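Trainee: Next up is a structure, given as C-alpha cells.
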Amino acid sequence: MDGNTRIADAKSTQTKKPLVRLTGLGPAIITAALVLGPGSLTLSTKIGAVYGLSLLWTLLAAIVLMMVFTEMSTRIGLASKDSFIVSVRKKWGKGASLLIGIGAFLVTASFQSGNALGSGLAIASVTGLPVSFWILVTTGGAIFLLFAKNFYKVLERMMILLVGLMLFSFLTTLVVSKPSLQMLSSGLKLSLPEGSMPLVIALTATTFSIVGACYQSYLVQEKGWGLTDANQAVKESYAGIFILGVISLIVMMSAASILLPKGVTVDSAAEMGMSLQPLYGDWAVIIFMLGLFGASFSSLTGNAAIGGSMLADSLGKGSKLNTAPVRYLIIAVMLLGAVVALAFGQAPLEMIIFAQAITIVVVPFIGFALFMVANDAAIMGKFKNKAIHNVLAVIGLIILLLLAGNNLYQMIF
C-alpha cells in the first residue's frame with residue numbers, strides 16, 4: 001500500500017468516526033429510551049411543579065446506581081458466551097432462570113398500558129383524533145417494525161431518533177421557560193420536604209430500573225460487540241444513562257420554572273404540555289408533545305422487547321430479536337398493553353398491585369443475580385467486578401431491597 005492510499009484510508013476513517021460513535025451508542029440509548037417513559041416524565045414533572053429542584057439529589061443518586069448496574073450488565077454481555085439468563089440457569093438451575101424470565105415478562109406487561117396510552121395521548125392532543133385510534137395505530141406500527149429484516153438495527157436507529165426528538169423537544173421547552181440557574185445549587189443539598197417521600201421512592205424506582213439495566217447485556221450481544229469493543233461499550237453505557245439523567249433534569253427544571261411559580265400541580269406529563277398553551281401558544285404544546293411521544297413510543301417498543309426476549313430465553317427459545325418465538329412474545333406484551341389502555345384508560349388497580357407483588361420478588365433477585373454473575377471469575381475473566389464496583393453495587397442492592405419493602409408495606413397497609 002502506498003502513502004497516498006494510507007492517507008485516503010485515514011481520511012475515510014476520520015470521516016466515519018462520528019457516525020461510528022453515534023451508532024455505537026445503540027445499546028445504551030435503547031436502555032435509556034426504554035427506561036425514560038411517560039411514568040418517568042410524569043414524576044419529573046410532578047416533582048418540579050411541587051418541589052422545584054429540591055429533590056434533584058434523588059435523581060442524581062438514581063442515575064449513578066443505574067450507571068453502575070448498566071455498566072456491570074454491559075461487561076456481562078461482553079465477557080459471557082451465553083446470555084444472562086442462560087448463565088443464571090447454569091449457576092442456579094432452571095427455576096432461577098424461569099423466575100427472571102417470567103418475572104420480567106409480567107413486570108413489563110403490567111406497565112405496558114401506560115406506554116400505549118402515552119403514545120396515543122401525545123398524538124391525539126395535537127391532531128384532535130381520538131386517543132383510542134392512536135393507541136391502535138402506534139401499537140400496530142410497533143408490531144410492523146418487529147418484522148423488519150434486522151429488527152435490532154431498526155430499533156437502534158429509531159431509539160437514536162426518538163432520543164434526539166426528546167432532547168430537542170424538552171430543551172426547547174426549557175429555553176422558553178427561562179430557568180434560573182440558581183435552582184440547580186438548591187437541588188444539590190440533601191433535603192426532604194414534607195410529604196415528598198412517596199415521590200422520592202417513585203422516582204428512584206422508575207429511574208433505577210434493574211430490569212432495563214439487565215437487558216443491556218442482551219443488547220450488547222445483539223449488537224455483536226465482543227471483548228475487543230470493551231472500552232467503547234463501557235463508555236457508551238455511561239453516556240446513554242447520562243443522557244437519561246439530562247432529559248429528566250430538563251423536564252424537572254421546566255416544570256419548576258413554568259408551573260411552580262404559578263402554583264400549578266399536574267398529575268401527568270401530558271397536563272404539563274397542555275399548561276404551556278396559555279403561556280406560549282399552540283406551538284409550545286406541539287413541541288412538548290413530540291417529546292412525550294418520543295418517550296412513550298420508545299418505551300412501548302423497548303419495554304415489550306425486554307419482556308418478550310427474556311421470557312423466550314428462560315423457556316429455552318433463545319433471545320435473538322429476529323426469531324419467531326421472541327417476536328411473538330414481544331407482540332403479546334404490546335397487545336396486552338393496548339387492550340388494557342383501550343379498556344380502562346390506564347392500568348387498573350389490580351394490575352398495579354400485581355406488578356408490585358412481582359417486583360418485590362423479581363427485581364431484587366435480578367439485581368443479586370447480576371451482582372453474582374459479574375463476580376464469577378469463570379464467566380467474567382478480567383472483566384470481573386472490581387472493589388469499587390462491588391461497593392456501589394451493594395448500595396444499589398440495599399436500595400432495591402428497601403424499595404421492595406416499601407412495595408410490600410403499601411400492599412399490606
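Numbering starts fresh at 1 for the residues of each chain in the C-alpha cells, the chains themselves are lettered A, B, ... in the order given, and ligands are numbered from 1 as they appear.
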At a cut-off of 7 Å, using only C-alpha atoms, what residues contact Ala28 in chain A? Leave out same-chain residues fewer than 3 positions from it and give the result as a list of chain:residue names.

Mentor: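 Contacts, with the query itself left out: A:Leu25, A:Thr31, A:Ala32, A:Glu236, A:Ser237, A:Gly240, A:Ile241.
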
Trainee: Take the residues from that selection and put them in a file with N, CA and C atoms, as an mmCIF file, in the first residue's frame.

Mentor:
```
data_model
loop_
_atom_site.group_PDB
_atom_site.id
_atom_site.type_symbol
_atom_site.label_atom_id
_atom_site.label_comp_id
_atom_site.auth_asym_id
_atom_site.auth_seq_id
_atom_site.Cartn_x
_atom_site.Cartn_y
_atom_site.Cartn_z
ATOM 1 N N LEU A 25 -23.622 4.204 20.252
ATOM 2 C CA LEU A 25 -24.475 4.498 21.396
ATOM 3 C C LEU A 25 -25.696 3.592 21.444
ATOM 4 N N THR A 31 -31.432 1.345 26.098
ATOM 5 C CA THR A 31 -31.708 1.195 27.535
ATOM 6 C C THR A 31 -32.258 2.486 28.128
ATOM 7 N N ALA A 32 -31.614 3.613 27.811
ATOM 8 C CA ALA A 32 -32.078 4.903 28.336
ATOM 9 C C ALA A 32 -33.484 5.221 27.851
ATOM 10 N N GLU A 236 -19.890 3.985 26.419
ATOM 11 C CA GLU A 236 -21.196 4.291 25.873
ATOM 12 C C GLU A 236 -22.318 3.951 26.858
ATOM 13 N N SER A 237 -22.083 2.953 27.716
ATOM 14 C CA SER A 237 -23.106 2.628 28.720
ATOM 15 C C SER A 237 -23.280 3.788 29.684
ATOM 16 N N GLY A 240 -25.097 6.734 27.686
ATOM 17 C CA GLY A 240 -26.535 6.546 27.490
ATOM 18 C C GLY A 240 -27.331 6.881 28.738
ATOM 19 N N ILE A 241 -26.882 6.407 29.892
ATOM 20 C CA ILE A 241 -27.606 6.680 31.134
ATOM 21 C C ILE A 241 -27.453 8.153 31.532
#
```

Trainee: Find the residues near Ser177 in chain A: any atom within 6 Å, counting only C-alpha atoms, skip ones fewer than 2 places away on the same chain, and give them as a list in words.

Mentor: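 Everything that qualifies: Leu174, Val175, Pro179, Ser257 and Ile258 of chain A.
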
Trainee: How many Å separate CA of Lys46 in chain A from CA of Ala124 in chain A?

Mentor: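 Value for the CA of Lys46 in chain A-CA of Ala124 in chain A distance: 21.9 Å.
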
Trainee: Using only C-alpha atoms, which of A:Leu244, A:Leu192, A:Ile85, A:Leu397 sits nearest Thr206 in chain A?

Mentor: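 Of A:Leu244, A:Leu192, A:Ile85, A:Leu397, the one nearest Thr206 in chain A, counting only C-alpha atoms, is A:Leu244.
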
Trainee: Pick out the residues sitting within 12 Å of Ala338 in chain A, and hand them over as a VMD selection string; count only C-alpha atoms, and ignore anything fewer than 2 positions along from it in its own chain.

Mentor: chain A and resid 109 to 120 131 to 140 142 to 143 300 304 331 to 336 340 to 347

Trainee: Could you save the residues just selected, with N, CA and C atoms, as a CSV table (one decimal), in the first residue's frame?

Mentor:
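The file below, again.csv, is the result:
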```csv
chain,number,residue,atom,x,y,z
A,109,ALA,N,-45.2,-6.3,31.0
A,109,ALA,CA,-46.6,-6.3,30.5
A,109,ALA,C,-47.5,-5.5,31.4
A,110,SER,N,-47.2,-5.5,32.7
A,110,SER,CA,-48.1,-4.8,33.7
A,110,SER,C,-48.1,-3.3,33.5
A,111,PHE,N,-46.9,-2.8,33.0
A,111,PHE,CA,-46.8,-1.3,32.9
A,111,PHE,C,-46.9,-0.9,31.4
A,112,GLN,N,-47.1,-1.8,30.5
A,112,GLN,CA,-47.2,-1.5,29.1
A,112,GLN,C,-48.3,-0.6,28.7
A,113,SER,N,-49.4,-0.7,29.4
A,113,SER,CA,-50.6,0.1,29.1
A,113,SER,C,-50.3,1.6,29.2
A,114,GLY,N,-49.4,2.0,30.1
A,114,GLY,CA,-49.1,3.4,30.3
A,114,GLY,C,-48.3,3.9,29.1
A,115,ASN,N,-47.5,3.0,28.5
A,115,ASN,CA,-46.7,3.4,27.3
A,115,ASN,C,-47.6,3.5,26.1
A,116,ALA,N,-48.6,2.6,26.0
A,116,ALA,CA,-49.5,2.7,24.9
A,116,ALA,C,-50.4,3.9,25.0
A,117,LEU,N,-50.9,4.2,26.2
A,117,LEU,CA,-51.7,5.4,26.4
A,117,LEU,C,-50.9,6.7,26.2
A,118,GLY,N,-49.7,6.7,26.6
A,118,GLY,CA,-48.9,7.9,26.4
A,118,GLY,C,-48.6,8.2,25.0
A,119,SER,N,-48.4,7.1,24.2
A,119,SER,CA,-48.1,7.3,22.8
A,119,SER,C,-49.4,7.9,22.1
A,120,GLY,N,-50.5,7.3,22.4
A,120,GLY,CA,-51.8,7.7,21.8
A,120,GLY,C,-52.2,9.1,22.2
A,131,VAL,N,-58.0,9.3,21.2
A,131,VAL,CA,-56.8,8.6,21.8
A,131,VAL,C,-56.8,7.1,21.4
A,132,SER,N,-58.0,6.5,21.5
A,132,SER,CA,-58.1,5.1,21.1
A,132,SER,C,-57.6,4.8,19.7
A,133,PHE,N,-57.9,5.7,18.8
A,133,PHE,CA,-57.4,5.5,17.4
A,133,PHE,C,-55.9,5.4,17.4
A,134,TRP,N,-55.2,6.4,18.1
A,134,TRP,CA,-53.8,6.5,18.0
A,134,TRP,C,-53.1,5.4,18.8
A,135,ILE,N,-53.8,4.8,19.8
A,135,ILE,CA,-53.3,3.7,20.6
A,135,ILE,C,-53.1,2.5,19.6
A,136,LEU,N,-54.2,2.3,18.8
A,136,LEU,CA,-54.2,1.2,17.8
A,136,LEU,C,-53.1,1.4,16.7
A,137,VAL,N,-53.0,2.7,16.3
A,137,VAL,CA,-52.0,3.0,15.2
A,137,VAL,C,-50.6,2.8,15.7
A,138,THR,N,-50.3,3.3,16.9
A,138,THR,CA,-48.9,3.2,17.4
A,138,THR,C,-48.5,1.8,17.7
A,139,THR,N,-49.5,1.1,18.3
A,139,THR,CA,-49.2,-0.3,18.6
A,139,THR,C,-49.0,-1.1,17.3
A,140,GLY,N,-49.9,-0.9,16.4
A,140,GLY,CA,-49.7,-1.6,15.1
A,140,GLY,C,-48.4,-1.2,14.4
A,142,ALA,N,-45.6,-0.4,15.9
A,142,ALA,CA,-44.5,-1.1,16.6
A,142,ALA,C,-44.5,-2.5,16.2
A,143,ILE,N,-45.6,-3.2,16.1
A,143,ILE,CA,-45.6,-4.6,15.7
A,143,ILE,C,-45.1,-4.7,14.2
A,300,LEU,N,-42.8,1.9,24.7
A,300,LEU,CA,-43.7,0.9,24.2
A,300,LEU,C,-43.0,-0.2,23.5
A,304,ALA,N,-41.5,-3.8,25.6
A,304,ALA,CA,-42.0,-5.1,25.1
A,304,ALA,C,-40.9,-6.0,24.7
A,331,ILE,N,-44.9,-9.2,20.7
A,331,ILE,CA,-46.2,-8.8,20.3
A,331,ILE,C,-47.3,-9.0,21.4
A,332,ALA,N,-47.1,-10.1,22.2
A,332,ALA,CA,-48.1,-10.4,23.3
A,332,ALA,C,-48.0,-9.2,24.3
A,333,VAL,N,-46.8,-8.7,24.6
A,333,VAL,CA,-46.7,-7.6,25.6
A,333,VAL,C,-47.4,-6.4,25.0
A,334,MET,N,-47.1,-6.1,23.7
A,334,MET,CA,-47.7,-4.9,23.1
A,334,MET,C,-49.2,-5.0,23.0
A,335,LEU,N,-49.7,-6.1,22.6
A,335,LEU,CA,-51.2,-6.3,22.5
A,335,LEU,C,-51.9,-6.2,23.9
A,336,LEU,N,-51.2,-6.8,24.9
A,336,LEU,CA,-51.8,-6.7,26.3
A,336,LEU,C,-51.9,-5.2,26.7
A,340,VAL,N,-55.5,-3.2,27.5
A,340,VAL,CA,-55.7,-2.6,28.9
A,340,VAL,C,-55.9,-1.1,28.7
A,341,ALA,N,-55.1,-0.4,27.9
A,341,ALA,CA,-55.2,1.0,27.7
A,341,ALA,C,-56.6,1.4,27.1
A,342,LEU,N,-57.0,0.6,26.1
A,342,LEU,CA,-58.3,0.8,25.5
A,342,LEU,C,-59.5,0.5,26.4
A,343,ALA,N,-59.4,-0.5,27.2
A,343,ALA,CA,-60.5,-0.9,28.1
A,343,ALA,C,-60.6,-0.1,29.3
A,344,PHE,N,-59.5,0.3,29.9
A,344,PHE,CA,-59.5,1.0,31.2
A,344,PHE,C,-59.0,2.5,31.2
A,345,GLY,N,-58.3,2.8,30.1
A,345,GLY,CA,-57.7,4.2,30.0
A,345,GLY,C,-56.5,4.3,30.8
A,346,GLN,N,-56.1,3.3,31.6
A,346,GLN,CA,-54.9,3.2,32.4
A,346,GLN,C,-54.8,1.8,33.0
A,347,ALA,N,-53.7,1.6,33.7
A,347,ALA,CA,-53.6,0.3,34.3
A,347,ALA,C,-54.5,0.2,35.5
```

Trainee: With distances taken over only C-alpha atoms, which of A:Ala49, A:Ile379, A:His389, A:Ser209 is nearest to Lys90 in chain A?

Mentor: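 Among the listed residues, the smallest separation from Lys90 in chain A belongs to A:Ile379.
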
Trainee: Quick check, in Å to one decimal: how far apart do CA of Thr45 in chain A and CA of Ile366 in chain A lie?

Mentor: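 Going from CA of Thr45 in chain A over to CA of Ile366 in chain A, I get 29.0 Å.
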
Trainee: List as a ChimeraX atom specification the protein and nucleic acid residues near range 275-279 of chain A, meaning an atom at most 12 Å away when only C-alpha atoms are counted, but skip any in the same chain fewer than 2 places from it.

Mentor: /A:45,49,125-126,173-174,176-177,254-255,257-260,262-273,281-289

Trainee: Based on DSSP run over this structure's backbone, return all residues of range 215-307 of chain A in alpha helix (DSSP H), as a PyMOL selection string.

Mentor: chain A and resi 215-223+230-258+269-275+277-280+282-307

Trainee: Env of Gly224 in chain A: 12 Å cut, atoms = only C-alpha atoms, seq-sep filter 4 positions within chain, self excluded. Answer as a PDB file with C-alpha atoms, in the first residue's frame.

Mentor:
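The file below, selection_2.pdb, is the result:
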```
ATOM      1  CA  GLY A  24     -22.082   2.861  18.973  1.00  0.00           C
ATOM      2  CA  GLY A  26     -27.094   1.968  20.272  1.00  0.00           C
ATOM      3  CA  PRO A  27     -27.359  -0.386  23.299  1.00  0.00           C
ATOM      4  CA  GLY A  77     -22.704  -9.157  27.736  1.00  0.00           C
ATOM      5  CA  LEU A  78     -19.120  -8.722  26.542  1.00  0.00           C
ATOM      6  CA  LYS A  81     -20.606 -16.507  25.573  1.00  0.00           C
ATOM      7  CA  TYR A 152     -32.157  -4.654  16.141  1.00  0.00           C
ATOM      8  CA  LYS A 153     -30.756  -2.124  13.661  1.00  0.00           C
ATOM      9  CA  SER A 217     -26.308  -7.382  28.350  1.00  0.00           C
ATOM     10  CA  TYR A 218     -28.711  -8.704  25.706  1.00  0.00           C
ATOM     11  CA  LEU A 219     -28.423  -5.532  23.625  1.00  0.00           C
ATOM     12  CA  VAL A 220     -24.622  -5.698  23.711  1.00  0.00           C
ATOM     13  CA  THR A 228     -12.235  -6.006  21.712  1.00  0.00           C
ATOM     14  CA  ASP A 229     -15.081  -3.475  21.993  1.00  0.00           C
ATOM     15  CA  ALA A 230     -14.931  -3.319  25.789  1.00  0.00           C
ATOM     16  CA  ALA A 233     -19.041  -0.343  25.209  1.00  0.00           C
ATOM     17  CA  LYS A 320     -32.456 -13.033  19.351  1.00  0.00           C
TER      18      LYS A 320
END
```

Trainee: Which residues are near range 157-167 of chain A? Cut-off 6 Å, only C-alpha atoms, ignore same chain within fewer than 3 positions. Put them as number ranges by chain.

Mentor: A: 30, 154, 170-171, 291, 294

Trainee: How would the residues just picked look written out with N, CA and C atoms as a PDB file, in the first residue's frame?

Mentor:
```pdb
ATOM      1  N   ILE A  30     -30.824   2.629  23.679  1.00  0.00           N
ATOM      2  CA  ILE A  30     -32.039   1.826  23.795  1.00  0.00           C
ATOM      3  C   ILE A  30     -32.416   1.662  25.263  1.00  0.00           C
ATOM      4  N   VAL A 154     -33.067  -1.560  13.222  1.00  0.00           N
ATOM      5  CA  VAL A 154     -34.222  -0.647  13.163  1.00  0.00           C
ATOM      6  C   VAL A 154     -34.485  -0.055  14.537  1.00  0.00           C
ATOM      7  N   PHE A 170     -37.664  18.882  24.730  1.00  0.00           N
ATOM      8  CA  PHE A 170     -37.598  19.347  26.116  1.00  0.00           C
ATOM      9  C   PHE A 170     -36.584  20.473  26.296  1.00  0.00           C
ATOM     10  N   LEU A 171     -35.525  20.488  25.480  1.00  0.00           N
ATOM     11  CA  LEU A 171     -34.593  21.624  25.540  1.00  0.00           C
ATOM     12  C   LEU A 171     -35.284  22.909  25.078  1.00  0.00           C
ATOM     13  N   GLY A 291     -41.955  15.391  22.319  1.00  0.00           N
ATOM     14  CA  GLY A 291     -41.072  14.745  23.294  1.00  0.00           C
ATOM     15  C   GLY A 291     -41.783  13.660  24.066  1.00  0.00           C
ATOM     16  N   GLY A 294     -42.047  10.693  21.871  1.00  0.00           N
ATOM     17  CA  GLY A 294     -40.760  10.003  21.794  1.00  0.00           C
ATOM     18  C   GLY A 294     -40.523   9.125  23.005  1.00  0.00           C
TER      19      GLY A 294
END
```

Trainee: Considering only C-alpha atoms, tabulate each residue of range 160-232 of chain A that lies at most 12 Å from range 102-108 of chain A along with its nearest interatomic pair and the corresponding distance in Å to one decimal; arrange the rows by chain and ascending residue number and present them as a Markdown table.

Mentor:
```
| residue | atom | partner | partner_atom | distance |
| --- | --- | --- | --- | --- |
| A:Ser209 | CA | A:Thr108 | CA | 11.2 |
| A:Ile210 | CA | A:Ala104 | CA | 10.1 |
| A:Val211 | CA | A:Ala104 | CA | 6.8 |
| A:Gly212 | CA | A:Ala104 | CA | 9.6 |
| A:Ala213 | CA | A:Ala104 | CA | 11.9 |
| A:Cys214 | CA | A:Ala104 | CA | 10.0 |
| A:Tyr215 | CA | A:Ala104 | CA | 9.8 |
```

Trainee: Give me the residues within 9 Å of Ile47 in chain A as a list of chain:residue names, counting only C-alpha atoms and dropping any in the same chain fewer than 2 places off.

Mentor: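 Answer for this query is A:Thr42, A:Leu43, A:Ser44, A:Thr45, A:Ala49, A:Val50, A:Tyr51, A:Gly52, A:Leu53, A:Ser54, A:Leu55, A:Ser196, A:Leu199, A:Val200, A:Leu203, A:Met252, A:Ala255, A:Ala256.
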
Trainee: Counting only C-alpha atoms, figure out which residue out of A:Asp82, A:Ile123, A:Lys189, A:Leu36 gets nearest to Leu60 in chain A.

Mentor: A:Lys189

Trainee: Between A:Ser314, A:Ser186, A:Ser80, A:Thr359, which has the minimum distance to Leu401 in chain A (counting only C-alpha atoms)?

Mentor: A:Thr359

Trainee: Between CA of Gln221 in chain A and CA of Leu370 in chain A, what is the distance, to one decimal in Å?

Mentor: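 The value is 15.7 Å.
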
Trainee: Rank A:Val362, A:Ile100, A:Leu227, A:Met197 by their smallest atom-to-atom distance to Thr58 in chain A, using only C-alpha atoms, and report the top residue only.

Mentor: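 Going through A:Val362, A:Ile100, A:Leu227, A:Met197 one by one, the smallest distance to Thr58 in chain A is for A:Met197.
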